Amino acid sequence: MNILEIQNCTICYQNGRPAVSDASLSVSEGEIVSIVGESGSGKTTLIRAILGLLPAGGRITGGNILFNGRDLVKMREQELQDIRGREIAMIFQDVGAALDPIEKIKRQYAEAIAVHEKQPKQTYFERAVGMLQKMHLTDPKRVMDAYPFELSGGMKQRVGIAMGMTAQPRLLLADEPTSALDVTIQAQVVHELKELRKKYGTTIILVTHNMGVASFLSDKIGVMCKSQLVEFGSRDEIIYHPKETYTRELLKAVPKLGGRRFAG
């Protein structure tokens, strides 16, 4: 069953040129789908459009975005607000920048939960600590009592993922969630995304420029180039039988271990 269908979607900004042109893809319940491409290819614009979170001047000029059969493009802002966070959540590229630097994590976390449901403060705290533990943060109570500047980039990223998953949304949109992290923390975050699907059956759409991450994580991969979704298929189809020259170039760019070493 498809939880999301993007049908012939075109998105433009004020200059009138399409940032996304006639893109179509389908995502089944519980799948992990990666959208891969270089900067400026339109991949972030595409997933922001799902939740109606395009930057100023951006608008969908054609096509449909169906979530459980309901067209998100035709929804009023209040209807979208009811879906955001509860049914569809989004993790942004630099979640640290989205955290308020003068508020402790526990207050921000409580506000994130309170938007969708009213509960006693102690219940907020317990749920938050439990989710931070699932993100493999070793001292979640200390994290809750910290300001964002007291946490490392990897810790802030995991806090952002935890906040996004507390309401256990059916669909998680992740915009380059590992790009600002070192390689070790990248691997941890990628593993944690995979665990979320395993534990909660969460459907995930991941935007990345890293074909290696997409290959490890995904059931399906879409490749974007110059505003167009040039290729979309199963992970094996894209990795082992790419049809487009651009896809083959992305695959060649993935670092490989091996080769000759030269004495210094």
# chains A, B, ... in the order shown; residues from 1 in each chain; ligands from 1

call {"tool": "closest_atom_pairs", "arguments": {"of": "stretch 22-52 of chain A", "to": "stretch 66-89 of chain A", "cutoff": "8 Å", "atoms": "only C-alpha atoms", "output": "tab-separated table"}}
result
residue	atom	partner	partner_atom	distance
A:Ile50	CA	A:Leu72	CA	7.0
A:Leu51	CA	A:Arg84	CA	6.9
A:Gly52	CA	A:Leu80	CA	7.4

call {"tool": "closest_atom_pairs", "arguments": {"of": "stretch 81-191 of chain A", "to": "stretch 36-41 of chain A", "cutoff": "12 Å", "atoms": "only C-alpha atoms", "output": "Markdown table"}}
result
| residue | atom | partner | partner_atom | distance |
| --- | --- | --- | --- | --- |
| A:Asp175 | CA | A:Val36 | CA | 10.8 |
| A:Glu176 | CA | A:Val36 | CA | 9.9 |
| A:Ser179 | CA | A:Ser39 | CA | 11.9 |

call {"tool": "closest_residue", "arguments": {"among": "A:Arg107, A:Ala114, A:Tyr246, A:Met163", "to": "A:Lys134", "atoms": "only C-alpha atoms"}}
result
A:Met163

call {"tool": "closest_atom_pairs", "arguments": {"of": "stretch 67-184 of chain A", "to": "stretch 189-207 of chain A", "cutoff": "9 Å", "atoms": "only C-alpha atoms", "output": "CSV"}}
result
residue,atom,partner,partner_atom,distance
A:Lys134,CA,A:Glu192,CA,8.3
A:Met135,CA,A:Glu192,CA,6.5
A:His136,CA,A:Glu192,CA,8.4
A:Gly154,CA,A:Val189,CA,8.0
A:Gln157,CA,A:Val189,CA,8.0
A:Arg158,CA,A:Val189,CA,7.1
A:Ile161,CA,A:Leu193,CA,8.5
A:Met165,CA,A:Leu196,CA,8.3
A:Gln168,CA,A:Tyr200,CA,7.3
A:Pro169,CA,A:Thr202,CA,7.0
A:Arg170,CA,A:Thr202,CA,5.3
A:Leu171,CA,A:Thr203,CA,4.7
A:Leu172,CA,A:Ile204,CA,4.8
A:Leu173,CA,A:Ile205,CA,5.0
A:Ala174,CA,A:Leu206,CA,4.8
A:Asp175,CA,A:Val207,CA,4.8
A:Glu176,CA,A:Val207,CA,5.3
A:Pro177,CA,A:Val189,CA,7.8
A:Thr178,CA,A:Val189,CA,6.9
A:Thr184,CA,A:Val189,CA,9.0

call {"tool": "select_by_dssp", "arguments": {"residues": "stretch 88-232 of chain A", "states": "helix (DSSP H, G or I)", "output": "compact mmCIF listing (two decimals) with N, CA, C and O atoms, in the first residue's frame"}}
result
# COMPACT_ATOMS: atom_id res chain seq x y z
N VAL A 95 19.83 20.67 12.53
CA VAL A 95 18.82 20.78 13.57
C VAL A 95 19.32 21.64 14.73
O VAL A 95 18.53 22.26 15.44
N GLY A 96 20.64 21.73 14.91
CA GLY A 96 21.19 22.57 15.96
C GLY A 96 20.79 24.02 15.79
O GLY A 96 20.53 24.74 16.76
N ALA A 97 20.72 24.47 14.52
CA ALA A 97 20.34 25.85 14.26
C ALA A 97 18.86 26.09 14.55
O ALA A 97 18.44 27.22 14.77
N ALA A 98 18.07 25.01 14.54
CA ALA A 98 16.64 25.14 14.80
C ALA A 98 16.32 25.15 16.29
O ALA A 98 15.22 25.51 16.69
N ILE A 105 16.98 22.07 26.65
CA ILE A 105 16.37 21.06 25.80
C ILE A 105 15.02 20.60 26.37
O ILE A 105 14.06 20.41 25.62
N LYS A 106 14.93 20.45 27.69
CA LYS A 106 13.69 19.92 28.28
C LYS A 106 12.50 20.83 28.00
O LYS A 106 11.39 20.34 27.76
N ARG A 107 12.70 22.14 28.01
CA ARG A 107 11.60 23.06 27.73
C ARG A 107 11.20 22.99 26.25
O ARG A 107 10.01 22.96 25.92
N GLN A 108 12.20 22.94 25.37
CA GLN A 108 11.91 22.87 23.94
C GLN A 108 11.23 21.55 23.59
O GLN A 108 10.32 21.50 22.76
N TYR A 109 11.68 20.48 24.24
CA TYR A 109 11.09 19.16 23.99
C TYR A 109 9.63 19.14 24.44
O TYR A 109 8.75 18.64 23.74
N ALA A 110 9.37 19.70 25.62
CA ALA A 110 8.00 19.75 26.14
C ALA A 110 7.08 20.53 25.20
O ALA A 110 5.94 20.13 24.94
N GLU A 111 7.59 21.64 24.66
CA GLU A 111 6.79 22.44 23.72
C GLU A 111 6.50 21.67 22.45
O GLU A 111 5.40 21.76 21.89
N ALA A 112 7.49 20.87 21.99
CA ALA A 112 7.29 20.08 20.77
C ALA A 112 6.19 19.04 20.95
O ALA A 112 5.41 18.77 20.03
N ILE A 113 6.11 18.46 22.15
CA ILE A 113 5.05 17.48 22.42
C ILE A 113 3.72 18.17 22.62
O ILE A 113 2.68 17.71 22.12
N ALA A 114 3.72 19.31 23.36
CA ALA A 114 2.47 20.00 23.72
C ALA A 114 1.72 20.52 22.51
O ALA A 114 0.49 20.72 22.57
N LYS A 121 3.41 17.66 32.89
CA LYS A 121 4.82 17.94 32.58
C LYS A 121 5.72 16.74 32.83
O LYS A 121 6.66 16.49 32.08
N GLN A 122 5.43 15.98 33.89
CA GLN A 122 6.26 14.82 34.20
C GLN A 122 6.17 13.77 33.09
O GLN A 122 7.15 13.11 32.76
N THR A 123 4.98 13.65 32.48
CA THR A 123 4.81 12.72 31.37
C THR A 123 5.64 13.15 30.17
O THR A 123 6.27 12.33 29.50
N TYR A 124 5.67 14.48 29.89
CA TYR A 124 6.53 14.99 28.81
C TYR A 124 7.97 14.56 29.05
O TYR A 124 8.66 14.09 28.15
N PHE A 125 8.44 14.78 30.28
CA PHE A 125 9.83 14.51 30.61
C PHE A 125 10.15 13.03 30.44
O PHE A 125 11.17 12.67 29.84
N GLU A 126 9.27 12.17 30.93
CA GLU A 126 9.51 10.73 30.85
C GLU A 126 9.53 10.24 29.41
O GLU A 126 10.38 9.42 29.02
N ARG A 127 8.62 10.75 28.59
CA ARG A 127 8.59 10.35 27.17
C ARG A 127 9.84 10.82 26.45
O ARG A 127 10.42 10.09 25.64
N ALA A 128 10.27 12.04 26.76
CA ALA A 128 11.46 12.59 26.11
C ALA A 128 12.70 11.79 26.49
O ALA A 128 13.52 11.43 25.63
N VAL A 129 12.87 11.50 27.77
CA VAL A 129 14.03 10.73 28.22
C VAL A 129 14.03 9.34 27.57
O VAL A 129 15.08 8.86 27.12
N GLY A 130 12.86 8.72 27.48
CA GLY A 130 12.77 7.40 26.85
C GLY A 130 13.18 7.43 25.39
O GLY A 130 13.91 6.54 24.91
N MET A 131 12.77 8.49 24.67
CA MET A 131 13.14 8.58 23.25
C MET A 131 14.62 8.90 23.08
O MET A 131 15.28 8.38 22.18
N LEU A 132 15.17 9.73 23.95
CA LEU A 132 16.61 10.02 23.88
C LEU A 132 17.43 8.77 24.15
O LEU A 132 18.50 8.58 23.55
N GLN A 133 16.95 7.91 25.04
CA GLN A 133 17.64 6.64 25.28
C GLN A 133 17.63 5.78 24.02
O GLN A 133 18.63 5.12 23.70
N LYS A 134 16.51 5.78 23.30
CA LYS A 134 16.42 5.01 22.06
C LYS A 134 17.39 5.56 21.00
O LYS A 134 17.78 4.83 20.09
N PRO A 140 20.57 10.76 29.13
CA PRO A 140 19.47 11.59 28.62
C PRO A 140 18.98 12.65 29.59
O PRO A 140 18.55 13.73 29.16
N LYS A 141 19.06 12.39 30.89
CA LYS A 141 18.61 13.41 31.86
C LYS A 141 19.53 14.62 31.84
O LYS A 141 19.08 15.77 31.95
N ARG A 142 20.82 14.38 31.68
CA ARG A 142 21.76 15.51 31.55
C ARG A 142 21.50 16.28 30.27
O ARG A 142 21.54 17.51 30.24
N VAL A 143 21.22 15.55 29.17
CA VAL A 143 20.92 16.20 27.90
C VAL A 143 19.67 17.09 28.04
O VAL A 143 19.64 18.22 27.56
N MET A 144 18.65 16.58 28.72
CA MET A 144 17.42 17.36 28.91
C MET A 144 17.69 18.65 29.67
O MET A 144 17.03 19.67 29.45
N PRO A 148 21.50 23.98 24.15
CA PRO A 148 22.04 23.41 22.90
C PRO A 148 23.55 23.59 22.72
O PRO A 148 24.22 22.68 22.22
N PHE A 149 24.10 24.73 23.16
CA PHE A 149 25.54 24.96 22.96
C PHE A 149 26.41 24.03 23.80
O PHE A 149 27.61 23.91 23.57
N GLU A 150 25.79 23.36 24.78
CA GLU A 150 26.54 22.42 25.61
C GLU A 150 26.60 21.02 24.99
O GLU A 150 27.24 20.12 25.56
N GLY A 153 27.59 18.37 17.95
CA GLY A 153 26.73 18.34 16.75
C GLY A 153 25.96 17.04 16.63
O GLY A 153 24.77 17.04 16.30
N GLY A 154 26.64 15.93 16.91
CA GLY A 154 25.97 14.63 16.83
C GLY A 154 24.87 14.48 17.85
O GLY A 154 23.80 13.92 17.57
N MET A 155 25.09 15.01 19.06
CA MET A 155 24.07 14.93 20.11
C MET A 155 22.85 15.77 19.73
O MET A 155 21.70 15.34 19.89
N LYS A 156 23.10 16.98 19.21
CA LYS A 156 21.97 17.83 18.80
C LYS A 156 21.18 17.19 17.67
O LYS A 156 19.94 17.27 17.64
N GLN A 157 21.88 16.53 16.76
CA GLN A 157 21.19 15.88 15.65
C GLN A 157 20.29 14.77 16.17
O GLN A 157 19.15 14.60 15.73
N ARG A 158 20.79 14.00 17.14
CA ARG A 158 19.99 12.92 17.70
C ARG A 158 18.83 13.45 18.53
O ARG A 158 17.74 12.86 18.55
N VAL A 159 19.02 14.59 19.20
CA VAL A 159 17.90 15.24 19.89
C VAL A 159 16.82 15.63 18.89
O VAL A 159 15.62 15.43 19.12
N GLY A 160 17.24 16.16 17.73
CA GLY A 160 16.28 16.54 16.70
C GLY A 160 15.50 15.36 16.17
O GLY A 160 14.28 15.45 15.96
N ILE A 161 16.19 14.24 15.94
CA ILE A 161 15.50 13.03 15.48
C ILE A 161 14.53 12.55 16.54
O ILE A 161 13.38 12.18 16.24
N ALA A 162 14.96 12.57 17.81
CA ALA A 162 14.09 12.14 18.90
C ALA A 162 12.84 13.00 18.98
O ALA A 162 11.72 12.49 19.14
N MET A 163 12.99 14.32 18.88
CA MET A 163 11.83 15.22 18.91
C MET A 163 10.87 14.91 17.77
O MET A 163 9.65 14.87 17.95
N GLY A 164 11.43 14.66 16.59
CA GLY A 164 10.59 14.37 15.44
C GLY A 164 9.83 13.06 15.57
O GLY A 164 8.74 12.90 15.02
N MET A 165 10.41 12.11 16.33
CA MET A 165 9.80 10.78 16.43
C MET A 165 8.93 10.58 17.66
O MET A 165 8.28 9.54 17.80
N VAL A 183 32.35 11.36 10.32
CA VAL A 183 32.01 10.06 9.74
C VAL A 183 31.47 9.08 10.78
O VAL A 183 30.50 8.35 10.53
N THR A 184 32.06 9.08 11.98
CA THR A 184 31.61 8.15 13.02
C THR A 184 30.18 8.44 13.43
O THR A 184 29.35 7.53 13.55
N ILE A 185 29.86 9.73 13.66
CA ILE A 185 28.51 10.11 14.07
C ILE A 185 27.53 9.90 12.92
O ILE A 185 26.38 9.51 13.13
N GLN A 186 27.97 10.14 11.68
CA GLN A 186 27.11 9.85 10.52
C GLN A 186 26.64 8.40 10.57
O GLN A 186 25.46 8.12 10.38
N ALA A 187 27.57 7.49 10.80
CA ALA A 187 27.22 6.07 10.83
C ALA A 187 26.21 5.77 11.93
O ALA A 187 25.27 4.99 11.74
N GLN A 188 26.36 6.42 13.09
CA GLN A 188 25.42 6.21 14.19
C GLN A 188 24.03 6.70 13.84
O GLN A 188 23.03 6.03 14.10
N VAL A 189 23.95 7.90 13.24
CA VAL A 189 22.65 8.47 12.89
C VAL A 189 21.95 7.62 11.83
O VAL A 189 20.75 7.36 11.92
N VAL A 190 22.71 7.16 10.83
CA VAL A 190 22.14 6.30 9.79
C VAL A 190 21.60 5.02 10.41
O VAL A 190 20.49 4.56 10.08
N HIS A 191 22.37 4.43 11.32
CA HIS A 191 21.92 3.21 12.00
C HIS A 191 20.64 3.48 12.79
O HIS A 191 19.71 2.66 12.80
N GLU A 192 20.57 4.64 13.44
CA GLU A 192 19.40 4.97 14.26
C GLU A 192 18.15 5.16 13.38
O GLU A 192 17.03 4.79 13.78
N LEU A 193 18.31 5.74 12.20
CA LEU A 193 17.18 5.86 11.28
C LEU A 193 16.65 4.49 10.89
O LEU A 193 15.43 4.26 10.83
N LYS A 194 17.57 3.56 10.64
CA LYS A 194 17.16 2.20 10.29
C LYS A 194 16.43 1.53 11.46
O LYS A 194 15.45 0.79 11.27
N GLU A 195 16.89 1.80 12.68
CA GLU A 195 16.25 1.24 13.87
C GLU A 195 14.83 1.79 14.05
O GLU A 195 13.93 1.08 14.51
N LEU A 196 14.62 3.07 13.70
CA LEU A 196 13.29 3.66 13.81
C LEU A 196 12.29 2.92 12.93
O LEU A 196 11.15 2.65 13.34
N ARG A 197 12.72 2.58 11.73
CA ARG A 197 11.83 1.82 10.84
C ARG A 197 11.54 0.45 11.44
O ARG A 197 10.41 -0.05 11.41
N LYS A 198 12.57 -0.18 12.01
CA LYS A 198 12.40 -1.51 12.59
C LYS A 198 11.46 -1.49 13.79
O LYS A 198 10.59 -2.37 13.95
N LYS A 199 11.61 -0.49 14.67
CA LYS A 199 10.83 -0.44 15.91
C LYS A 199 9.40 0.04 15.71
O LYS A 199 8.47 -0.45 16.34
N TYR A 200 9.23 1.05 14.84
CA TYR A 200 7.94 1.71 14.72
C TYR A 200 7.26 1.53 13.37
O TYR A 200 6.13 1.98 13.17
N MET A 211 25.64 8.82 -2.13
CA MET A 211 25.09 7.59 -2.69
C MET A 211 25.43 6.38 -1.83
O MET A 211 24.69 5.38 -1.80
N GLY A 212 26.54 6.44 -1.09
CA GLY A 212 26.90 5.35 -0.20
C GLY A 212 25.88 5.19 0.92
O GLY A 212 25.46 4.07 1.25
N VAL A 213 25.46 6.31 1.52
CA VAL A 213 24.42 6.28 2.56
C VAL A 213 23.12 5.75 1.99
O VAL A 213 22.44 4.91 2.59
N ALA A 214 22.75 6.24 0.80
CA ALA A 214 21.51 5.80 0.17
C ALA A 214 21.52 4.30 -0.10
O ALA A 214 20.53 3.60 0.11
N SER A 215 22.66 3.79 -0.56
CA SER A 215 22.78 2.37 -0.88
C SER A 215 22.62 1.51 0.37
O SER A 215 21.96 0.47 0.35
N PHE A 216 23.19 1.96 1.49
CA PHE A 216 23.13 1.19 2.73
C PHE A 216 21.73 1.19 3.34
O PHE A 216 21.27 0.19 3.87
N LEU A 217 21.04 2.32 3.23
CA LEU A 217 19.83 2.54 4.02
C LEU A 217 18.54 2.21 3.29
O LEU A 217 17.54 1.83 3.92

call {"tool": "atom_distance", "arguments": {"atom1": "atom CA of A:Leu250", "atom2": "atom CA of A:Thr61"}}
result
29.4 Å

call {"tool": "atom_distance", "arguments": {"atom1": "atom CA of A:Glu31", "atom2": "atom CA of A:Val254"}}
result
23.3 Å

call {"tool": "select_by_dssp", "arguments": {"residues": "stretch 10-136 of chain A", "states": "strand (DSSP E or B)", "output": "PyMOL selection string"}}
result
chain A and resi 10-12+18-28+32-36+59-67+70-71+84+88-91

call {"tool": "closest_residue", "arguments": {"among": "A:Lys43, A:Arg48, A:His241, A:Lys104", "to": "A:Met224", "atoms": "only C-alpha atoms"}}
result
A:Lys43

call {"tool": "closest_residue", "arguments": {"among": "A:Val33, A:Pro101, A:Pro255, A:Val115", "to": "A:Arg235", "atoms": "only C-alpha atoms"}}
result
A:Val33

call {"tool": "closest_residue", "arguments": {"among": "A:Ile238, A:Ala167, A:Ile60, A:Leu137", "to": "A:Arg17", "atoms": "only C-alpha atoms"}}
result
A:Ile60

call {"tool": "atom_distance", "arguments": {"atom1": "atom CA of A:Ile102", "atom2": "atom CA of A:Ser152"}}
result
16.0 Å
